[in-house]
Each structure stands twice: as C-alpha cells, then as structure tokens.
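Undergrad: Below are the structure tokens for one structure; questions will follow.
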Amino acid sequence: MTQRRVVFLLYPQFQVLDLAGPHEVFAQTEQWVPEGEGYAVEIVAGGAGAVRACHGIDIAAGSGVQQCQGPLDTLVVVGGPGDREAVDDELLVGWLKEAAGRARRVASVCTGAFLLARAGLLDGRRAVTHWAACERLAREHPDVTVTPDQIFVHDGAVWTSAGITAGMDLALAMVEEDHGPEVSRAVARMLVMFVQRPGGQAQFSTQLAAQRPTRQPLRDVQAWVTDHLAEDLTVRVLAERAGMSERNFTRVFRAETGLTPAAYVETVRVEAARALLETTDTTIDAIARSCGFGHAETLHRCFKRTLGVTPGQYRHHFSRAG
C-alpha cells in the first residue's frame, strides 16, 4: 500500500479548527499503522501562499488548485464565514467539481458543505452542516436532503459534517473505515477525545438545545427532572412542582426553553442513558429502568430515533468502561 493522499481546500476567512482538527487526526494515524500506509496531507487554495482565516491567522497553502493534479484519496473542503464568497469563486468551485472525479471520497467540514452543494456534489444526497446553517443549506439547495440533527453524514462517496469539532469525528470515522476501529480509537485517545461520537449523535446537548428559563420555578423543575429520571415525569407532575396549571406550565415551558416538557424529559433521559453506556457495564435493561424508559425496547426506539444508533451499537463503539 502507499500513503493515502488527503487534500484540504482553503479559501479566505475559513475556520482554522475545520482544518487543524481533521488534519491532526490524519497526521496522528502515522503512529498506529505500518510505515508508508498512513496519509500524505496537502493544503491547497486559489493560489499558493498564505490564506487568512476568519480570526486573523495565516495558513500557508502549499499550492494553488490548478497545480493540484493527479489522483486523490480524500478531498476535504473546510468551512468558515468565507463560504458565502467562496461559493461564487468559479475557479474554486470548478476545480472542486473536477477534482471530485479524481478522488475516492469527498468531504466537507461545517459550512464547507455549501461549496460541495454549489459544485453539484450533494444533489440527491443526504448532508449536514453546522446547526446554525442547516436551514440555509436546505433553502438554497432544495435537491439536498439536509439532516440537521447529526454530527456527520456518510452518503456514498460523499461525507459531510456539522460544525468545527465534528470534523474530527468525521476524520476518525474515515480512519476507522481505512484502518479499523482499533487504530481510530488509538488516535482518539492520543488526542484526548474521550468519546468518538457517532454520526447519528445530536449536534448539541439538551442543556444547549434548551434555552435557560428566566423563571426560577422552571429552573427548579429542570434540576428536579435530572435527579428523578426514573419517576413519573408527566406534565401533571411537573406542573404541580412548578405550582402551575398543566396548560399554563406547558405553554410557559415551551416559550422559555423552546422544547415541550415531554421532549425535554426524553432528551434528558437519553443523555443520561448515553453517559451510563459510555462509563459503566450496567445492563441495557437496567439502564432503561434507571433512566425512566421502563424497558430496553423503549430505550432502543428512542436511541434509534434521536441518535440513529441502538444502545448496543453506541456502547460497542464508545464505551469507556474498564
């Protein structure tokens, strides 16, 4: 085998971590594979030389896109606020479309998906980008099936990932595809990535997804929910704890958090179950009971619906127990 050629495409006002994170994943792989079987990483842009990132850091592109010829293994387009101008750069988009035909797989990090879409590489495919840009991607490119609640999406030879750090999850998944799970886990440990997140994992936690309520009774209810997951958490019970009628509690809770009480409870339970699957060897049935799902079948359905994987699959790939 020879080294796999990985090319990152930059443009002005890109996000540094969209490059640095995946780049480091590929670079670290060298320690865990036979000599000459890792990755040869290149950085290209519209022209050779310094490319300024969105926060003022200059990164040197080794060559311009027109000099980047020959077969590629992996082509990665980074994201950043400069994507809005980059999609109108005919040189970049034209080269991207042509180079994709020479690559085994094509990928984007964050809003780099907009360049893939402009090049027609996402037509008829599922894709994801940063959660804040998913609606724009769906609106501007109706031929793309946007899946906003995923870390990364692998559809055929095209991979897309959510914002920033999700690019490292995508790169680890590629390493696993190329070299197996033991190598990808070794790289994750070296980079102190405690959990290699699955593609189906939600982009942000319940605590981030739900706005923090301004009313103290609602905050108290949220805290109580976390400590009493195995108990009855119906709207009636939660409304009583808040000292409100069920109708008023439901209206106010949704207005202040952006989630219905039922949706909030379910996602908190799923997150608690994830933590137990990652850090303990407790049986799935016991986890289901302790987190308020009652039965393993219910937990299984919720995991598949919200994360895209089963509890068993999640534990197999991401357990830190032992």
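Going through the structure tokens in order, the chains are called A, B, and so on, while each chain numbers its residues from 1 and the ligands are numbered from 1 in the order shown.
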Please, which residues in segment 162-258 of chain A fall within 10 Å of segment 66-77 of chain A when counting only C-alpha atoms, and what is the closest atom pair and distance in Å to one decimal for each, ordered by chain then residue number, as a Markdown table?
TA:
```
| residue | atom | partner | partner_atom | distance |
| --- | --- | --- | --- | --- |
| A:Gly167 | CA | A:Val76 | CA | 9.8 |
| A:Ala171 | CA | A:Val76 | CA | 9.8 |
| A:Met174 | CA | A:Thr74 | CA | 9.4 |
```
Undergrad: Each residue of segment 139-233 of chain A lying at most 10 Å from segment 287-303 of chain A should get a row with its shortest atom-to-atom pair and the distance in Å to one decimal, counting only C-alpha atoms; could you produce that, ordered by chain and increasing number, as a Markdown table?
TA:
```
| residue | atom | partner | partner_atom | distance |
| --- | --- | --- | --- | --- |
| A:Gly200 | CA | A:Phe303 | CA | 9.5 |
| A:Gln201 | CA | A:Phe303 | CA | 9.3 |
| A:Thr226 | CA | A:Cys291 | CA | 9.5 |
| A:Asp227 | CA | A:Cys291 | CA | 9.9 |
| A:His228 | CA | A:Cys291 | CA | 8.4 |
| A:Leu229 | CA | A:Cys291 | CA | 5.1 |
| A:Ala230 | CA | A:Gly292 | CA | 3.9 |
| A:Glu231 | CA | A:Gly292 | CA | 6.5 |
| A:Asp232 | CA | A:Gly292 | CA | 8.0 |
| A:Leu233 | CA | A:Gly292 | CA | 8.7 |
```
Undergrad: Restricted to all heavy atoms, what would the selected residues look like written as a short mmCIF file (atom, residue, chain, number, x, y, z; two decimals), in the first residue's frame?
TA:
```cif
data_model
loop_
_atom_site.label_atom_id
_atom_site.label_comp_id
_atom_site.auth_asym_id
_atom_site.auth_seq_id
_atom_site.Cartn_x
_atom_site.Cartn_y
_atom_site.Cartn_z
N GLY A 200 -24.75 9.70 14.03
CA GLY A 200 -26.14 9.99 14.37
C GLY A 200 -26.33 10.76 15.64
O GLY A 200 -27.46 11.07 16.01
N GLN A 201 -25.24 11.09 16.33
CA GLN A 201 -25.40 11.79 17.59
C GLN A 201 -25.84 13.23 17.36
O GLN A 201 -25.43 13.88 16.41
CB GLN A 201 -24.08 11.78 18.37
CG GLN A 201 -24.19 12.41 19.75
CD GLN A 201 -22.96 12.10 20.58
OE1 GLN A 201 -22.39 11.03 20.49
NE2 GLN A 201 -22.55 13.04 21.38
N THR A 226 -33.62 16.07 36.34
CA THR A 226 -32.33 15.41 36.23
C THR A 226 -32.09 14.42 37.37
O THR A 226 -31.49 13.37 37.16
CB THR A 226 -31.20 16.45 36.19
OG1 THR A 226 -31.42 17.34 35.09
CG2 THR A 226 -29.84 15.80 36.05
N ASP A 227 -32.58 14.75 38.55
CA ASP A 227 -32.35 13.90 39.73
C ASP A 227 -33.42 12.84 39.95
O ASP A 227 -33.31 12.03 40.86
CB ASP A 227 -32.26 14.78 40.99
CG ASP A 227 -31.03 15.68 40.98
OD1 ASP A 227 -30.04 15.30 40.32
OD2 ASP A 227 -31.08 16.75 41.61
N HIS A 228 -34.47 12.84 39.13
CA HIS A 228 -35.59 11.91 39.33
C HIS A 228 -36.04 11.28 38.01
O HIS A 228 -37.23 11.16 37.74
CB HIS A 228 -36.76 12.63 40.01
CG HIS A 228 -36.44 13.17 41.36
ND1 HIS A 228 -35.79 14.38 41.54
CD2 HIS A 228 -36.67 12.67 42.61
CE1 HIS A 228 -35.64 14.60 42.83
NE2 HIS A 228 -36.15 13.58 43.50
N LEU A 229 -35.10 10.85 37.20
CA LEU A 229 -35.42 10.35 35.87
C LEU A 229 -36.29 9.10 35.89
O LEU A 229 -37.07 8.86 34.97
CB LEU A 229 -34.14 10.07 35.08
CG LEU A 229 -33.31 11.30 34.70
CD1 LEU A 229 -32.04 10.87 33.97
CD2 LEU A 229 -34.12 12.25 33.84
N ALA A 230 -36.16 8.28 36.92
CA ALA A 230 -36.91 7.03 36.97
C ALA A 230 -38.34 7.21 37.47
O ALA A 230 -39.13 6.27 37.47
CB ALA A 230 -36.18 6.01 37.85
N GLU A 231 -38.69 8.42 37.87
CA GLU A 231 -40.02 8.67 38.44
C GLU A 231 -41.00 9.13 37.36
O GLU A 231 -40.65 9.31 36.19
CB GLU A 231 -39.91 9.71 39.55
CG GLU A 231 -39.03 9.25 40.71
CD GLU A 231 -38.99 10.25 41.85
OE1 GLU A 231 -39.89 11.11 41.93
OE2 GLU A 231 -38.05 10.17 42.67
N ASP A 232 -42.24 9.33 37.78
CA ASP A 232 -43.29 9.82 36.89
C ASP A 232 -43.00 11.28 36.55
O ASP A 232 -43.00 12.15 37.43
CB ASP A 232 -44.64 9.70 37.60
CG ASP A 232 -45.80 10.19 36.72
OD1 ASP A 232 -45.55 10.56 35.56
OD2 ASP A 232 -46.94 10.22 37.22
N LEU A 233 -42.73 11.55 35.28
CA LEU A 233 -42.39 12.91 34.85
C LEU A 233 -43.39 13.42 33.82
O LEU A 233 -43.04 14.10 32.86
CB LEU A 233 -40.96 12.95 34.28
CG LEU A 233 -39.83 12.57 35.24
CD1 LEU A 233 -38.48 12.64 34.54
CD2 LEU A 233 -39.84 13.45 36.48
#
```
Undergrad: Do you have the atom CA of Arg274 of chain A-atom CA of Glu240 of chain A distance handy?
TA: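 It comes out at 28.7 Å.
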Undergrad: Smallest atom-to-atom distance to Gly308 of chain A: which of A:Ile43, A:Val153, A:Val16, A:Val144, using only C-alpha atoms?
TA: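 When distances to Gly308 of chain A are compared using only C-alpha atoms, the smallest one comes from A:Val153.
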Undergrad: What parts of segment 213-250 of chain A does DSSP call helix (DSSP H, G or I)? I'd like the answer as a PyMOL selection string.
TA: chain A and resi 216-227+235-242+246-250
Undergrad: Would you kindly return, as a PyMOL selection string, each protein, DNA or RNA residue with an atom no farther than 9 Å from any atom of segment 98-109 of chain A, considering only C-alpha atoms and excluding same-chain residues fewer than 3 positions away?
TA: chain A and resi 18-19+22+68-80+93-95+112-116+121+129-130+152+154+156-168+170
Undergrad: Could you pull out the strand (DSSP E) residues of segment 134-297 of chain A, going by DSSP on the backbone, and write them as a CSV table (one decimal) with N, CA, C and O atoms, in the first residue's frame?
TA:
```
chain,number,residue,atom,x,y,z
A,145,THR,N,-30.9,16.7,0.7
A,145,THR,CA,-31.7,16.3,1.9
A,145,THR,C,-30.8,16.6,3.1
A,145,THR,O,-29.9,15.9,3.5
A,146,VAL,N,-31.2,17.7,3.8
A,146,VAL,CA,-30.4,18.1,5.0
A,146,VAL,C,-30.9,17.4,6.2
A,146,VAL,O,-32.1,17.4,6.5
A,152,PHE,N,-22.2,13.9,11.6
A,152,PHE,CA,-21.7,13.8,10.3
A,152,PHE,C,-22.6,12.8,9.5
A,152,PHE,O,-23.3,12.0,10.1
A,153,VAL,N,-22.6,12.9,8.2
A,153,VAL,CA,-23.4,12.1,7.3
A,153,VAL,C,-22.4,11.5,6.2
A,153,VAL,O,-21.7,12.2,5.6
A,154,HIS,N,-22.6,10.1,6.0
A,154,HIS,CA,-21.8,9.4,5.0
A,154,HIS,C,-22.8,8.9,4.0
A,154,HIS,O,-23.5,8.0,4.3
A,155,ASP,N,-22.8,9.5,2.8
A,155,ASP,CA,-23.7,9.1,1.8
A,155,ASP,C,-22.9,8.8,0.5
A,155,ASP,O,-22.5,9.6,-0.2
A,158,VAL,N,-19.5,10.6,-0.6
A,158,VAL,CA,-19.5,12.0,-0.1
A,158,VAL,C,-19.8,12.0,1.4
A,158,VAL,O,-20.8,11.4,1.9
A,159,TRP,N,-19.0,12.7,2.2
A,159,TRP,CA,-19.1,12.8,3.6
A,159,TRP,C,-19.3,14.3,4.0
A,159,TRP,O,-18.6,15.2,3.4
A,160,THR,N,-20.2,14.6,4.9
A,160,THR,CA,-20.3,16.0,5.3
A,160,THR,C,-20.4,16.0,6.9
A,160,THR,O,-20.9,15.0,7.5
A,161,SER,N,-20.0,17.0,7.5
A,161,SER,CA,-20.0,17.1,9.0
A,161,SER,C,-20.6,18.4,9.5
A,161,SER,O,-20.6,19.4,8.8
```
Undergrad: Could you name the residues that touch His141 of chain A at 10 Å or less, counting only C-alpha atoms, but leaving out those on the same chain fewer than 2 positions away, as an MDAnalysis selection string?
TA: chainID A and resid 114 117:118 120 122:123 135:139 143:146
Undergrad: Next, dump the selected residues to file, keeping only N, CA and C atoms, as an mmCIF file, in the first residue's frame.
TA:
```
data_model
loop_
_atom_site.group_PDB
_atom_site.id
_atom_site.type_symbol
_atom_site.label_atom_id
_atom_site.label_comp_id
_atom_site.auth_asym_id
_atom_site.auth_seq_id
_atom_site.Cartn_x
_atom_site.Cartn_y
_atom_site.Cartn_z
ATOM 1 N N PHE A 114 -21.502 24.012 1.636
ATOM 2 C CA PHE A 114 -22.073 24.909 0.638
ATOM 3 C C PHE A 114 -21.265 24.876 -0.657
ATOM 4 N N ALA A 117 -22.208 21.670 -2.364
ATOM 5 C CA ALA A 117 -23.538 21.824 -2.965
ATOM 6 C C ALA A 117 -23.472 22.662 -4.234
ATOM 7 N N ARG A 118 -22.700 23.756 -4.200
ATOM 8 C CA ARG A 118 -22.592 24.605 -5.386
ATOM 9 C C ARG A 118 -21.958 23.846 -6.551
ATOM 10 N N GLY A 120 -22.515 20.835 -7.143
ATOM 11 C CA GLY A 120 -23.449 19.787 -7.541
ATOM 12 C C GLY A 120 -23.155 18.431 -6.930
ATOM 13 N N LEU A 122 -23.691 17.391 -3.907
ATOM 14 C CA LEU A 122 -24.646 16.937 -2.896
ATOM 15 C C LEU A 122 -26.042 16.693 -3.467
ATOM 16 N N ASP A 123 -26.233 16.917 -4.738
ATOM 17 C CA ASP A 123 -27.557 16.730 -5.336
ATOM 18 C C ASP A 123 -28.029 15.290 -5.134
ATOM 19 N N GLU A 135 -30.679 25.314 7.938
ATOM 20 C CA GLU A 135 -31.853 25.865 7.271
ATOM 21 C C GLU A 135 -31.460 26.574 5.985
ATOM 22 N N ARG A 136 -30.347 27.303 6.004
ATOM 23 C CA ARG A 136 -29.880 27.996 4.797
ATOM 24 C C ARG A 136 -29.482 26.996 3.721
ATOM 25 N N LEU A 137 -28.818 25.917 4.107
ATOM 26 C CA LEU A 137 -28.421 24.911 3.128
ATOM 27 C C LEU A 137 -29.644 24.289 2.466
ATOM 28 N N ALA A 138 -30.662 23.971 3.268
ATOM 29 C CA ALA A 138 -31.885 23.379 2.708
ATOM 30 C C ALA A 138 -32.612 24.354 1.800
ATOM 31 N N ARG A 139 -32.595 25.628 2.178
ATOM 32 C CA ARG A 139 -33.301 26.644 1.390
ATOM 33 C C ARG A 139 -32.585 26.920 0.071
ATOM 34 N N ASP A 143 -32.319 20.353 -3.655
ATOM 35 C CA ASP A 143 -32.036 18.992 -4.105
ATOM 36 C C ASP A 143 -31.224 18.202 -3.087
ATOM 37 N N VAL A 144 -30.826 18.867 -2.009
ATOM 38 C CA VAL A 144 -30.051 18.211 -0.945
ATOM 39 C C VAL A 144 -30.982 17.879 0.218
ATOM 40 N N THR A 145 -30.902 16.674 0.737
ATOM 41 C CA THR A 145 -31.674 16.284 1.914
ATOM 42 C C THR A 145 -30.848 16.593 3.147
ATOM 43 N N VAL A 146 -31.162 17.690 3.810
ATOM 44 C CA VAL A 146 -30.391 18.137 4.976
ATOM 45 C C VAL A 146 -30.879 17.407 6.220
#
```
Undergrad: With only C-alpha atoms as the counted atoms, please give the residues lying no more than 10 Å from segment 243-247 of chain A, apart from itself and same-chain residues fewer than 6 positions off, as a ChimeraX atom specification.
TA: /A:217-218,234-237
Undergrad: Would you write out those residues with all heavy atoms, as an mmCIF file, in the first residue's frame?
TA:
```cif
data_model
loop_
_atom_site.group_PDB
_atom_site.id
_atom_site.type_symbol
_atom_site.label_atom_id
_atom_site.label_comp_id
_atom_site.auth_asym_id
_atom_site.auth_seq_id
_atom_site.Cartn_x
_atom_site.Cartn_y
_atom_site.Cartn_z
ATOM 1 N N PRO A 217 -39.100 28.851 39.050
ATOM 2 C CA PRO A 217 -39.812 27.568 39.162
ATOM 3 C C PRO A 217 -39.496 26.608 38.023
ATOM 4 O O PRO A 217 -39.416 25.397 38.230
ATOM 5 C CB PRO A 217 -41.290 27.987 39.142
ATOM 6 C CG PRO A 217 -41.289 29.369 39.687
ATOM 7 C CD PRO A 217 -40.042 29.994 39.146
ATOM 8 N N LEU A 218 -39.288 27.125 36.815
ATOM 9 C CA LEU A 218 -38.954 26.258 35.697
ATOM 10 C C LEU A 218 -37.529 25.720 35.822
ATOM 11 O O LEU A 218 -37.258 24.560 35.494
ATOM 12 C CB LEU A 218 -39.126 27.004 34.372
ATOM 13 C CG LEU A 218 -40.538 27.500 34.043
ATOM 14 C CD1 LEU A 218 -40.566 28.094 32.642
ATOM 15 C CD2 LEU A 218 -41.557 26.380 34.162
ATOM 16 N N THR A 234 -44.644 13.120 34.057
ATOM 17 C CA THR A 234 -45.700 13.624 33.185
ATOM 18 C C THR A 234 -45.874 15.123 33.403
ATOM 19 O O THR A 234 -45.401 15.694 34.391
ATOM 20 C CB THR A 234 -47.024 12.912 33.475
ATOM 21 O OG1 THR A 234 -47.372 13.126 34.854
ATOM 22 C CG2 THR A 234 -46.912 11.413 33.207
ATOM 23 N N VAL A 235 -46.565 15.760 32.471
ATOM 24 C CA VAL A 235 -46.821 17.192 32.582
ATOM 25 C C VAL A 235 -47.551 17.507 33.886
ATOM 26 O O VAL A 235 -47.269 18.524 34.534
ATOM 27 C CB VAL A 235 -47.630 17.686 31.372
ATOM 28 C CG1 VAL A 235 -48.070 19.143 31.574
ATOM 29 C CG2 VAL A 235 -46.800 17.578 30.091
ATOM 30 N N ARG A 236 -48.464 16.633 34.275
ATOM 31 C CA ARG A 236 -49.211 16.873 35.523
ATOM 32 C C ARG A 236 -48.270 16.983 36.710
ATOM 33 O O ARG A 236 -48.374 17.918 37.514
ATOM 34 C CB ARG A 236 -50.207 15.727 35.758
ATOM 35 C CG ARG A 236 -50.993 15.861 37.072
ATOM 36 C CD ARG A 236 -51.878 14.662 37.305
ATOM 37 N NE ARG A 236 -51.083 13.440 37.390
ATOM 38 C CZ ARG A 236 -50.414 13.068 38.491
ATOM 39 N NH1 ARG A 236 -50.431 13.827 39.579
ATOM 40 N NH2 ARG A 236 -49.747 11.932 38.497
ATOM 41 N N VAL A 237 -47.314 16.056 36.810
ATOM 42 C CA VAL A 237 -46.369 16.057 37.933
ATOM 43 C C VAL A 237 -45.473 17.292 37.883
ATOM 44 O O VAL A 237 -45.246 17.961 38.895
ATOM 45 C CB VAL A 237 -45.519 14.773 37.913
ATOM 46 C CG1 VAL A 237 -44.403 14.848 38.949
ATOM 47 C CG2 VAL A 237 -46.405 13.556 38.171
#
```
Undergrad: Looking at only C-alpha atoms, which of A:Arg212, A:His23, A:Arg251, A:Arg185 is the one that sits closest to Leu9 of chain A?
TA: A:His23
